[in-house]
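Asks: My structure is stored as start_7.cif, with mmCIF, C-alpha atoms and all ligand atoms.
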data_target
#
loop_
_atom_site.label_atom_id
_atom_site.label_comp_id
_atom_site.auth_asym_id
_atom_site.auth_seq_id
_atom_site.Cartn_x
_atom_site.Cartn_y
_atom_site.Cartn_z
CA MET A 1 -32.89 -16.14 -107.60
CA ARG A 2 -31.65 -19.65 -106.74
CA ILE A 3 -27.89 -20.11 -107.02
CA THR A 4 -26.19 -23.49 -106.57
CA VAL A 5 -22.42 -23.67 -106.12
CA LEU A 6 -20.25 -26.77 -106.35
CA ALA A 7 -17.37 -26.31 -103.91
CA GLY A 8 -14.45 -27.75 -102.00
CA GLY A 9 -13.27 -26.39 -98.67
CA VAL A 10 -11.12 -23.30 -98.29
CA GLY A 11 -11.28 -21.99 -101.89
CA GLY A 12 -14.98 -22.82 -102.00
CA ALA A 13 -15.54 -20.94 -98.76
CA ARG A 14 -13.76 -17.81 -99.99
CA PHE A 15 -15.94 -17.81 -103.08
CA ALA A 16 -19.14 -18.56 -101.14
CA LEU A 17 -18.44 -15.61 -98.82
CA GLY A 18 -18.10 -13.34 -101.84
CA LEU A 19 -21.26 -14.75 -103.38
CA ARG A 20 -23.26 -14.18 -100.19
CA ASP A 21 -22.18 -10.52 -100.25
CA ALA A 22 -22.82 -10.18 -103.98
CA ALA A 23 -26.31 -11.70 -103.92
CA PRO A 24 -27.83 -11.01 -100.48
CA ASP A 25 -31.37 -11.73 -101.68
CA ALA A 26 -30.58 -14.99 -103.48
CA ALA A 27 -31.22 -18.47 -102.12
CA ILE A 28 -27.71 -19.90 -102.22
CA THR A 29 -27.04 -23.63 -101.93
CA VAL A 30 -23.46 -24.86 -101.57
CA VAL A 31 -22.96 -28.48 -102.64
CA ALA A 32 -19.75 -29.68 -101.00
CA ASN A 33 -17.15 -32.31 -101.76
CA VAL A 34 -17.11 -35.23 -99.31
CA GLY A 35 -14.10 -37.08 -100.76
CA ASP A 36 -11.93 -35.76 -97.92
CA ASP A 37 -14.23 -37.17 -95.23
CA MET A 38 -12.80 -39.75 -92.87
CA TRP A 39 -13.25 -41.46 -89.53
CA LEU A 40 -10.65 -40.52 -86.90
CA ALA A 41 -10.74 -41.66 -83.27
CA GLY A 42 -14.28 -42.89 -83.82
CA VAL A 43 -15.67 -39.61 -85.15
CA LYS A 44 -16.67 -38.58 -88.64
CA VAL A 45 -14.61 -35.65 -89.92
CA CYS A 46 -15.82 -33.71 -92.98
CA PRO A 47 -13.02 -31.23 -93.77
CA ASP A 48 -14.68 -29.41 -96.66
CA LEU A 49 -18.13 -29.12 -95.07
CA ASP A 50 -16.47 -27.84 -91.90
CA SER A 51 -14.28 -25.31 -93.72
CA LEU A 52 -17.39 -23.99 -95.45
CA MET A 53 -19.47 -23.92 -92.26
CA TYR A 54 -16.82 -22.23 -90.10
CA ALA A 55 -16.00 -19.62 -92.75
CA LEU A 56 -19.65 -18.76 -93.45
CA ALA A 57 -20.39 -18.71 -89.70
CA GLY A 58 -17.52 -16.29 -89.16
CA VAL A 59 -15.77 -18.55 -86.64
CA VAL A 60 -12.93 -19.80 -88.84
CA ASP A 61 -9.31 -19.36 -87.77
CA GLY A 62 -8.40 -16.53 -90.11
CA ASP A 63 -4.65 -17.14 -89.99
CA ARG A 64 -4.81 -20.81 -90.95
CA GLY A 65 -7.90 -20.45 -93.13
CA TRP A 66 -9.40 -23.63 -91.64
CA GLY A 67 -10.50 -24.87 -88.21
CA ARG A 68 -12.01 -22.79 -85.41
CA ALA A 69 -10.65 -19.49 -84.13
CA GLY A 70 -9.48 -19.62 -80.51
CA GLU A 71 -8.93 -23.36 -80.75
CA SER A 72 -7.15 -25.56 -78.19
CA GLU A 73 -5.92 -29.15 -78.50
CA ARG A 74 -6.26 -30.67 -75.05
CA VAL A 75 -8.37 -33.63 -76.18
CA ALA A 76 -5.97 -34.42 -79.03
CA GLY A 77 -3.16 -34.49 -76.45
CA GLU A 78 -5.09 -37.07 -74.43
CA LEU A 79 -5.78 -39.17 -77.54
CA THR A 80 -2.08 -39.14 -78.40
CA ALA A 81 -1.22 -40.22 -74.84
CA TYR A 82 -3.54 -43.20 -75.30
CA GLY A 83 -1.92 -44.01 -78.63
CA VAL A 84 -4.99 -43.26 -80.74
CA GLY A 85 -4.04 -39.80 -81.95
CA TRP A 86 -3.27 -38.91 -85.54
CA PRO A 87 -0.03 -36.93 -85.29
CA TRP A 88 -0.47 -35.59 -88.82
CA PHE A 89 -4.05 -34.35 -88.41
CA THR A 90 -5.09 -31.60 -86.03
CA LEU A 91 -8.26 -32.35 -84.09
CA GLY A 92 -8.99 -29.19 -82.11
CA ASP A 93 -11.30 -29.28 -79.12
CA LEU A 94 -13.98 -27.01 -80.61
CA ASP A 95 -13.66 -28.83 -83.91
CA LEU A 96 -14.10 -32.16 -82.10
CA GLY A 97 -17.39 -30.81 -80.75
CA THR A 98 -18.59 -30.56 -84.36
CA HIS A 99 -17.38 -34.07 -85.19
CA LEU A 100 -18.95 -35.56 -82.05
CA ALA A 101 -22.28 -33.88 -82.76
CA ARG A 102 -22.22 -35.05 -86.37
CA THR A 103 -21.28 -38.59 -85.35
CA ALA A 104 -24.06 -38.69 -82.75
CA LEU A 105 -26.61 -37.69 -85.38
CA LEU A 106 -25.30 -40.27 -87.85
CA ARG A 107 -25.39 -42.96 -85.15
CA GLU A 108 -29.04 -42.07 -84.51
CA GLY A 109 -29.71 -42.87 -88.15
CA ARG A 110 -29.69 -39.40 -89.66
CA THR A 111 -28.20 -38.98 -93.14
CA LEU A 112 -25.16 -36.76 -93.62
CA THR A 113 -27.47 -34.26 -95.34
CA GLU A 114 -29.72 -34.15 -92.26
CA ALA A 115 -26.78 -34.02 -89.83
CA THR A 116 -25.19 -31.19 -91.84
CA ALA A 117 -28.47 -29.24 -91.76
CA GLN A 118 -28.70 -29.58 -87.97
CA LEU A 119 -25.09 -28.45 -87.45
CA ALA A 120 -25.59 -25.56 -89.88
CA ALA A 121 -28.80 -24.45 -88.14
CA ARG A 122 -26.73 -23.31 -85.18
CA TRP A 123 -25.08 -20.57 -87.25
CA PRO A 124 -26.37 -17.72 -89.40
CA LEU A 125 -24.74 -19.11 -92.53
CA GLY A 126 -27.03 -17.38 -95.01
CA VAL A 127 -26.71 -20.37 -97.35
CA THR A 128 -27.92 -23.97 -97.45
CA LEU A 129 -25.03 -26.37 -97.02
CA LEU A 130 -25.33 -29.83 -98.60
CA PRO A 131 -22.94 -32.77 -98.94
CA VAL A 132 -23.04 -33.92 -102.55
CA THR A 133 -23.93 -37.44 -101.36
CA ASP A 134 -24.98 -39.28 -98.23
CA ASP A 135 -22.77 -42.21 -99.20
CA GLU A 136 -19.17 -42.62 -98.06
CA VAL A 137 -16.85 -42.07 -101.02
CA PRO A 138 -13.38 -41.36 -99.60
CA THR A 139 -10.70 -40.28 -102.04
CA HIS A 140 -7.78 -42.70 -101.95
CA VAL A 141 -4.36 -41.96 -103.36
CA VAL A 142 -2.41 -44.73 -105.04
CA THR A 143 1.27 -44.13 -104.23
CA ASP A 144 4.49 -46.11 -104.61
CA GLU A 145 4.17 -46.93 -100.90
CA GLY A 146 0.61 -48.21 -101.09
CA VAL A 147 -2.88 -46.76 -101.02
CA ILE A 148 -3.57 -44.02 -98.46
CA HIS A 149 -6.47 -41.71 -97.67
CA PHE A 150 -6.33 -38.38 -99.48
CA GLU A 151 -6.05 -36.40 -96.23
CA GLU A 152 -3.03 -38.44 -95.15
CA TRP A 153 -1.38 -37.80 -98.52
CA TRP A 154 -2.29 -34.10 -98.43
CA VAL A 155 -1.56 -33.28 -94.80
CA ARG A 156 1.09 -35.80 -93.72
CA THR A 157 3.14 -35.93 -96.93
CA ARG A 158 2.20 -32.37 -98.08
CA ALA A 159 1.38 -33.99 -101.46
CA GLN A 160 5.09 -34.78 -101.81
CA LEU A 161 4.74 -38.58 -101.94
CA PRO A 162 4.53 -39.32 -105.68
CA ALA A 163 0.93 -40.20 -106.57
CA GLN A 164 -0.06 -42.47 -109.44
CA ARG A 165 -3.78 -41.77 -109.34
CA PHE A 166 -6.78 -40.82 -107.22
CA VAL A 167 -9.55 -43.33 -106.61
CA GLN A 168 -13.07 -42.60 -105.35
CA HIS A 169 -13.44 -45.60 -103.08
CA GLY A 170 -17.01 -46.93 -103.20
CA ALA A 171 -18.15 -44.60 -106.00
CA GLU A 172 -19.79 -47.45 -107.92
CA ARG A 173 -22.24 -47.92 -105.03
CA ALA A 174 -22.76 -44.18 -104.40
CA ARG A 175 -25.27 -41.65 -105.76
CA ILE A 176 -25.72 -37.92 -105.70
CA SER A 177 -28.16 -37.10 -102.88
CA HIS A 178 -31.73 -36.20 -103.68
CA ALA A 179 -31.21 -32.71 -102.20
CA ALA A 180 -28.06 -32.01 -104.20
CA ARG A 181 -29.69 -33.23 -107.40
CA ALA A 182 -32.71 -30.99 -106.77
CA ALA A 183 -30.45 -28.01 -105.97
CA ILE A 184 -28.83 -28.37 -109.40
CA ALA A 185 -32.08 -29.07 -111.26
CA ASP A 186 -34.00 -26.18 -109.68
CA ALA A 187 -31.24 -23.55 -109.82
CA ASP A 188 -31.39 -20.38 -111.89
CA VAL A 189 -27.58 -20.31 -111.94
CA VAL A 190 -25.04 -23.08 -111.27
CA LEU A 191 -21.52 -21.97 -110.36
CA ILE A 192 -18.35 -24.05 -110.14
CA ALA A 193 -16.23 -22.51 -107.37
CA PRO A 194 -12.49 -21.96 -107.90
CA SER A 195 -11.79 -25.08 -105.88
CA ASN A 196 -9.22 -27.77 -106.51
CA PRO A 197 -10.26 -29.11 -109.96
CA VAL A 198 -9.12 -32.65 -109.18
CA VAL A 199 -9.80 -33.56 -105.56
CA SER A 200 -12.66 -31.11 -104.85
CA ILE A 201 -14.59 -30.44 -108.08
CA GLY A 202 -13.26 -33.60 -109.75
CA THR A 203 -14.54 -35.80 -106.92
CA ILE A 204 -17.94 -34.08 -107.02
CA LEU A 205 -18.13 -34.65 -110.80
CA GLY A 206 -16.98 -38.25 -110.42
CA LEU A 207 -19.94 -39.14 -108.24
CA PRO A 208 -22.63 -41.01 -110.19
CA GLY A 209 -25.52 -38.69 -111.02
CA VAL A 210 -23.68 -35.36 -110.85
CA ARG A 211 -22.71 -35.04 -114.50
CA ASP A 212 -26.19 -36.11 -115.49
CA ALA A 213 -27.72 -33.45 -113.21
CA LEU A 214 -25.49 -30.76 -114.74
CA GLU A 215 -26.20 -31.94 -118.28
CA THR A 216 -29.96 -31.66 -117.79
CA ALA A 217 -29.95 -28.49 -115.65
CA ALA A 218 -31.94 -25.63 -117.14
CA ALA A 219 -29.58 -23.05 -115.62
CA PRO A 220 -26.34 -21.81 -117.17
CA VAL A 221 -23.23 -23.38 -115.61
CA VAL A 222 -20.34 -20.96 -115.04
CA GLY A 223 -16.97 -21.81 -113.52
CA VAL A 224 -14.26 -19.65 -111.97
CA ALA A 225 -10.59 -20.55 -112.54
CA PRO A 226 -8.70 -21.78 -109.49
CA ILE A 227 -5.38 -21.23 -111.28
CA ILE A 228 -4.04 -17.72 -111.84
CA GLY A 229 -0.96 -17.16 -113.97
CA GLY A 230 -0.15 -20.86 -113.87
CA ARG A 231 -0.25 -21.01 -110.07
CA ALA A 232 -2.76 -22.39 -107.60
CA LEU A 233 -3.14 -19.84 -104.88
CA ARG A 234 -3.00 -21.47 -101.48
CA GLY A 235 -2.86 -25.15 -102.01
CA MET A 236 -1.31 -27.85 -104.08
CA ALA A 237 -3.78 -28.03 -106.96
CA ALA A 238 -0.90 -28.03 -109.46
CA THR A 239 0.39 -31.29 -107.96
CA CYS A 240 -3.07 -32.86 -108.29
CA LEU A 241 -3.44 -31.65 -111.89
CA ALA A 242 -0.08 -33.20 -112.77
CA VAL A 243 -1.32 -36.57 -111.46
CA ILE A 244 -4.23 -36.53 -113.93
CA GLY A 245 -2.09 -35.11 -116.75
CA VAL A 246 -3.70 -31.66 -116.97
CA GLU A 247 -1.52 -28.56 -117.24
CA ALA A 248 -1.67 -26.13 -114.30
CA ASP A 249 -3.27 -23.45 -116.44
CA ALA A 250 -6.68 -21.74 -116.19
CA ALA A 251 -7.70 -22.52 -119.78
CA ALA A 252 -6.44 -26.11 -119.52
CA VAL A 253 -8.67 -26.65 -116.48
CA ALA A 254 -11.69 -25.29 -118.37
CA ALA A 255 -10.89 -27.50 -121.36
CA HIS A 256 -10.63 -30.44 -118.96
CA TYR A 257 -14.11 -29.64 -117.60
CA GLY A 258 -15.31 -29.27 -121.19
CA ALA A 259 -18.15 -27.37 -122.86
CA ARG A 260 -21.63 -28.47 -121.87
CA SER A 261 -22.57 -28.48 -125.55
CA GLN A 262 -19.81 -31.10 -126.09
CA GLY A 263 -20.59 -33.43 -123.20
CA GLY A 264 -18.68 -31.39 -120.60
CA ILE A 265 -20.05 -29.24 -117.80
CA LEU A 266 -19.34 -25.56 -118.64
CA ASP A 267 -21.30 -22.89 -120.46
CA GLY A 268 -19.07 -20.11 -119.18
CA TRP A 269 -15.67 -19.64 -117.56
CA LEU A 270 -13.89 -16.78 -115.87
CA LEU A 271 -10.12 -16.73 -115.95
CA ALA A 272 -7.76 -14.07 -114.66
CA GLU A 273 -6.57 -11.22 -116.84
CA GLU A 274 -3.01 -12.57 -116.96
CA ASP A 275 -4.41 -15.76 -118.53
CA GLU A 276 -6.41 -14.07 -121.28
CA ALA A 277 -4.26 -15.73 -123.97
CA GLY A 278 -6.43 -18.79 -123.30
CA LEU A 279 -9.74 -17.09 -124.14
CA ALA A 280 -9.80 -17.72 -127.90
CA GLY A 281 -9.11 -21.44 -127.56
CA LEU A 282 -11.90 -21.87 -125.02
CA ARG A 283 -14.38 -19.93 -127.16
CA SER A 284 -13.57 -22.23 -130.08
CA LEU A 285 -14.42 -25.16 -127.78
CA GLY A 286 -17.84 -23.62 -127.14
CA ILE A 287 -17.14 -22.16 -123.70
CA ARG A 288 -18.04 -18.49 -123.23
CA ALA A 289 -14.87 -17.33 -121.50
CA GLU A 290 -14.04 -13.90 -120.09
CA ALA A 291 -11.01 -12.45 -118.28
CA ARG A 292 -11.63 -10.75 -114.94
CA PRO A 293 -9.74 -10.14 -111.68
CA LEU A 294 -10.11 -13.38 -109.72
CA LEU A 295 -8.30 -12.81 -106.42
CA LEU A 296 -10.68 -13.79 -103.64
CA THR A 297 -9.45 -11.21 -101.16
CA PRO A 298 -12.12 -11.11 -98.43
CA GLY A 299 -14.69 -8.34 -98.76
CA GLU A 300 -15.32 -6.35 -101.90
CA PRO A 301 -12.81 -8.15 -104.21
CA ALA A 302 -14.34 -11.58 -103.49
CA ALA A 303 -17.86 -10.16 -103.93
CA GLN A 304 -16.80 -8.67 -107.26
CA VAL A 305 -15.58 -12.07 -108.50
CA ALA A 306 -18.98 -13.53 -107.63
CA ARG A 307 -20.79 -10.61 -109.32
CA GLU A 308 -18.78 -11.23 -112.50
CA ALA A 309 -19.69 -14.93 -112.45
CA LEU A 310 -23.39 -14.03 -112.04
CA ALA A 311 -23.14 -11.44 -114.83
CA LEU A 312 -21.63 -14.01 -117.20
CA ALA A 313 -24.39 -16.47 -116.27
CA ALA A 314 -27.02 -13.78 -116.97
CA ALA A 315 -25.43 -13.00 -120.35
CA ILE A 316 -25.45 -16.71 -121.26
CA ALA A 317 -29.09 -17.06 -120.18
CA GLY A 318 -29.83 -14.13 -122.49
P1 LIG B 401 -9.70 -27.24 -100.02
O1 LIG B 401 -10.78 -28.28 -100.18
O2 LIG B 401 -9.63 -26.66 -98.66
O3 LIG B 401 -8.38 -27.68 -100.58
O4 LIG B 401 -10.15 -26.01 -100.90
P2 LIG B 401 -10.77 -25.92 -102.34
O5 LIG B 401 -10.60 -27.16 -103.13
O6 LIG B 401 -12.15 -25.37 -102.22
O7 LIG B 401 -9.93 -24.75 -102.97
C1 LIG B 401 -8.52 -24.75 -103.05
C2 LIG B 401 -8.15 -24.02 -104.31
O8 LIG B 401 -8.73 -22.70 -104.31
C3 LIG B 401 -6.68 -23.74 -104.43
O9 LIG B 401 -6.01 -24.89 -104.93
C4 LIG B 401 -6.65 -22.58 -105.42
O10 LIG B 401 -6.55 -23.14 -106.73
C5 LIG B 401 -8.02 -21.92 -105.25
N1 LIG B 401 -7.93 -20.56 -104.71
C6 LIG B 401 -7.51 -20.21 -103.47
N2 LIG B 401 -7.51 -18.86 -103.34
C7 LIG B 401 -7.97 -18.35 -104.53
C8 LIG B 401 -8.20 -17.00 -105.02
O11 LIG B 401 -7.98 -15.98 -104.35
N3 LIG B 401 -8.69 -16.91 -106.30
C9 LIG B 401 -8.93 -17.99 -107.09
N4 LIG B 401 -9.41 -17.78 -108.33
N5 LIG B 401 -8.71 -19.26 -106.66
C10 LIG B 401 -8.23 -19.44 -105.40
CA CA B 402 -10.75 -30.38 -99.49
#
For the structure just supplied, provide its representation as structure tokens.
Ligand code: GDP
Ligand code: CA

Replies:
Amino acid sequence: MRITVLAGGVGGARFALGLRDAAPDAAITVVANVGDDMWLAGVKVCPDLDSLMYALAGVVDGDRGWGRAGESERVAGELTAYGVGWPWFTLGDLDLGTHLARTALLREGRTLTEATAQLAARWPLGVTLLPVTDDEVPTHVVTDEGVIHFEEWWVRTRAQLPAQRFVQHGAERARISHAARAAIADADVVLIAPSNPVVSIGTILGLPGVRDALETAAAPVVGVAPIIGGRALRGMAATCLAVIGVEADAAAVAAHYGARSQGGILDGWLLAEEDEAGLAGLRSLGIRAEARPLLLTPGEPAAQVAREALALAAAIAG
């Protein structure tokens, strides 16, 4: 079975780990958001690809949920001393090794897809990791104090600086990559991870070619709610949803994605049991919605969430 997952960083990684446990024989492809990518101190940083890679490789810092375990920051200290550090963004030494390797490959003319494959080949990830595009499409945040990169808004201001809107800078010139398009077209199941619906999944969907790929995919498309009981677990998804005028509610997020039969992206949707009041409304929109436990606690609970998503996809496929 070929399973393709659209994912952001930390939430996407927790779901991908569960999926790998739930479907050990499947060929899993994770298509990652690149809206958070940026150049810092001359190196290309891809926060979501790295969160996915480190988590699936088993080398993530478990306490923080991102970055490498056993990390040090000696190089960042030197950069700061030279006045080229980014005080609001942690560049660990081991992490910098990843960014340097990626940048070297890009400078040699490799695409981000090719560079990601070479970095991933070092680890036993058990999945294929793909950026959704090889083009640079950084998410910018329009604030009262000017336009800043999404990571600066997220990390430096903790999403506290009032945002007017998010902009995918360069999207009009960008395209879904050939590999990501094929991963969606050839899949038996397409899953939307419980990632940030605005700045992770929203940026993937905003990239020219993605909605078209989902619309024409033969596979059922099933999403998992990132909001449980009106709250985003770990993260500031509620703040992002407010910026685009969508309620921080599991059913509201599914309605925002829309039914595939109505020009949206979803055939099926899992929301948490405490949100089951939203089921009837979604079913009337043409989305096959079910209530299940959705806490991605590592190990069996996360695998069970993935199993439920696959079961719903199988039921939809008939
Ligand atoms: P980021 O790119 O690192 O911000 O991570 P993602 O966009 O992939 O995912 C972040 C989102 O994952 C959070 O905003 C939450 O909404 C969601 N999330 C985190 N933990 C859980 C969990 O245990 N269950 C569910 N259903 N969603 C979760
Ligand atoms: Ca992210």

Asks: Using only C-alpha atoms and all ligand atoms, find the one residue out of A:Gly235, A:Pro162, A:Gly299, A:Pro138 that sits nearest to ligand LIG 401 (chain B).

Replies: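 Closest residue, counting only C-alpha atoms and all ligand atoms: A:Gly235.
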
Asks: Rank A:Thr4, A:Asn33, A:Thr157, A:Gln118 by their smallest atom-to-atom distance to ligand CA 402 (chain B), using all atoms listed in the file, and report the top residue only.

Replies: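 With all atoms listed in the file as the atom set, the closest residue is A:Asn33.
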
Asks: Find the residue from A:Val75, A:Leu112, A:Ala185, A:Val199 that sits nearest to ligand CA 402 (chain B); use only C-alpha atoms and all ligand atoms when measuring.

Replies: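 Nearest to ligand CA 402 (chain B): A:Val199.
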
Asks: Quick one: residues within 8 Å of A:Ala213, only C-alpha atoms counted, chain neighbours fewer than 4 positions away excluded, as a PyMOL selection string?

Replies: chain A and resi 181+184-185+209+217

Asks: Between atom CA of A:Glu247 and atom CA of A:Leu294, what distance in Å does the model show, to one decimal?

Replies: 19.0 Å

Asks: Box in all listed atoms of ligand LIG 401 (chain B), axis-aligned, with 3 Å more on each side; write out centre and edge lengths in Å to one decimal as lines of an AutoDock Vina configuration file.

Replies:
center_x = -9.1
center_y = -22.1
center_z = -103.5
size_x = 12.1
size_y = 18.3
size_z = 15.7

Asks: So which residues are near ligand LIG 401 (chain B), meaning at most 7 Å away with all atoms listed in the file counted, given back as a ChimeraX atom specification?

Replies: /A:7-13,48,51,194-196,199-200,224-228,232-237,294-297

Asks: Of the candidates A:Ala32, A:Val167, A:Leu17, A:Ala120, which one gets nearest to ligand CA 402 (chain B) if we count all atoms listed in the file?

Replies: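 Closest to ligand CA 402 (chain B), using all atoms listed in the file: A:Ala32.
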
Asks: Just give me the gap between atom CA of A:Ala309 and atom CA of A:Ile176 in Å, one decimal is fine.

Replies: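 These two atoms are separated by 24.7 Å.
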
Asks: Determine the nearest neighbour of A:Trp153 from the options A:Ala55, A:Val141, A:Val30, A:Leu79, counting only C-alpha atoms.

Replies: A:Val141

Asks: Return stretch 194-215 of chain A, completed with N, CA and C atoms, as a PDB file, keeping the file's coordinate frame.

Replies:
ATOM      1  N   PRO A 194     -13.910 -21.764-107.573  1.00  0.00           N
ATOM      2  CA  PRO A 194     -12.490 -21.960-107.900  1.00  0.00           C
ATOM      3  C   PRO A 194     -11.824 -22.864-106.871  1.00  0.00           C
ATOM      4  N   SER A 195     -12.324 -24.075-106.795  1.00  0.00           N
ATOM      5  CA  SER A 195     -11.790 -25.080-105.880  1.00  0.00           C
ATOM      6  C   SER A 195     -10.853 -25.997-106.632  1.00  0.00           C
ATOM      7  N   ASN A 196     -10.154 -26.833-105.889  1.00  0.00           N
ATOM      8  CA  ASN A 196      -9.220 -27.770-106.510  1.00  0.00           C
ATOM      9  C   ASN A 196      -9.957 -28.580-107.597  1.00  0.00           C
ATOM     10  N   PRO A 197      -9.509 -28.478-108.864  1.00  0.00           N
ATOM     11  CA  PRO A 197     -10.260 -29.110-109.960  1.00  0.00           C
ATOM     12  C   PRO A 197     -10.203 -30.629-109.943  1.00  0.00           C
ATOM     13  N   VAL A 198      -9.291 -31.198-109.193  1.00  0.00           N
ATOM     14  CA  VAL A 198      -9.120 -32.650-109.180  1.00  0.00           C
ATOM     15  C   VAL A 198      -9.794 -33.266-107.951  1.00  0.00           C
ATOM     16  N   VAL A 199      -9.356 -32.867-106.775  1.00  0.00           N
ATOM     17  CA  VAL A 199      -9.800 -33.560-105.560  1.00  0.00           C
ATOM     18  C   VAL A 199     -10.954 -32.851-104.847  1.00  0.00           C
ATOM     19  N   SER A 200     -11.411 -31.710-105.366  1.00  0.00           N
ATOM     20  CA  SER A 200     -12.660 -31.110-104.850  1.00  0.00           C
ATOM     21  C   SER A 200     -13.741 -31.196-105.939  1.00  0.00           C
ATOM     22  N   ILE A 201     -13.584 -30.415-107.012  1.00  0.00           N
ATOM     23  CA  ILE A 201     -14.590 -30.440-108.080  1.00  0.00           C
ATOM     24  C   ILE A 201     -14.560 -31.788-108.805  1.00  0.00           C
ATOM     25  N   GLY A 202     -13.360 -32.317-109.049  1.00  0.00           N
ATOM     26  CA  GLY A 202     -13.260 -33.600-109.750  1.00  0.00           C
ATOM     27  C   GLY A 202     -13.971 -34.721-109.003  1.00  0.00           C
ATOM     28  N   THR A 203     -13.875 -34.725-107.679  1.00  0.00           N
ATOM     29  CA  THR A 203     -14.540 -35.800-106.920  1.00  0.00           C
ATOM     30  C   THR A 203     -16.046 -35.604-106.919  1.00  0.00           C
ATOM     31  N   ILE A 204     -16.494 -34.333-106.923  1.00  0.00           N
ATOM     32  CA  ILE A 204     -17.940 -34.080-107.020  1.00  0.00           C
ATOM     33  C   ILE A 204     -18.448 -34.592-108.379  1.00  0.00           C
ATOM     34  N   LEU A 205     -17.708 -34.248-109.443  1.00  0.00           N
ATOM     35  CA  LEU A 205     -18.130 -34.650-110.800  1.00  0.00           C
ATOM     36  C   LEU A 205     -18.051 -36.157-111.000  1.00  0.00           C
ATOM     37  N   GLY A 206     -17.164 -36.817-110.257  1.00  0.00           N
ATOM     38  CA  GLY A 206     -16.980 -38.250-110.420  1.00  0.00           C
ATOM     39  C   GLY A 206     -18.071 -39.074-109.755  1.00  0.00           C
ATOM     40  N   LEU A 207     -18.888 -38.424-108.964  1.00  0.00           N
ATOM     41  CA  LEU A 207     -19.940 -39.140-108.240  1.00  0.00           C
ATOM     42  C   LEU A 207     -21.104 -39.426-109.186  1.00  0.00           C
ATOM     43  N   PRO A 208     -21.538 -40.685-109.265  1.00  0.00           N
ATOM     44  CA  PRO A 208     -22.630 -41.010-110.190  1.00  0.00           C
ATOM     45  C   PRO A 208     -23.850 -40.104-109.973  1.00  0.00           C
ATOM     46  N   GLY A 209     -24.333 -39.549-111.065  1.00  0.00           N
ATOM     47  CA  GLY A 209     -25.520 -38.690-111.020  1.00  0.00           C
ATOM     48  C   GLY A 209     -25.221 -37.209-111.135  1.00  0.00           C
ATOM     49  N   VAL A 210     -23.982 -36.802-110.834  1.00  0.00           N
ATOM     50  CA  VAL A 210     -23.680 -35.360-110.850  1.00  0.00           C
ATOM     51  C   VAL A 210     -23.598 -34.826-112.272  1.00  0.00           C
ATOM     52  N   ARG A 211     -22.838 -35.522-113.113  1.00  0.00           N
ATOM     53  CA  ARG A 211     -22.710 -35.040-114.500  1.00  0.00           C
ATOM     54  C   ARG A 211     -24.071 -35.031-115.199  1.00  0.00           C
ATOM     55  N   ASP A 212     -24.857 -36.035-114.892  1.00  0.00           N
ATOM     56  CA  ASP A 212     -26.190 -36.110-115.490  1.00  0.00           C
ATOM     57  C   ASP A 212     -27.045 -34.926-115.027  1.00  0.00           C
ATOM     58  N   ALA A 213     -26.948 -34.583-113.741  1.00  0.00           N
ATOM     59  CA  ALA A 213     -27.720 -33.450-113.210  1.00  0.00           C
ATOM     60  C   ALA A 213     -27.292 -32.155-113.887  1.00  0.00           C
ATOM     61  N   LEU A 214     -25.972 -31.987-114.095  1.00  0.00           N
ATOM     62  CA  LEU A 214     -25.490 -30.760-114.740  1.00  0.00           C
ATOM     63  C   LEU A 214     -25.914 -30.718-116.209  1.00  0.00           C
ATOM     64  N   GLU A 215     -25.854 -31.867-116.853  1.00  0.00           N
ATOM     65  CA  GLU A 215     -26.200 -31.940-118.280  1.00  0.00           C
ATOM     66  C   GLU A 215     -27.646 -31.507-118.505  1.00  0.00           C
TER      67      GLU A 215
END
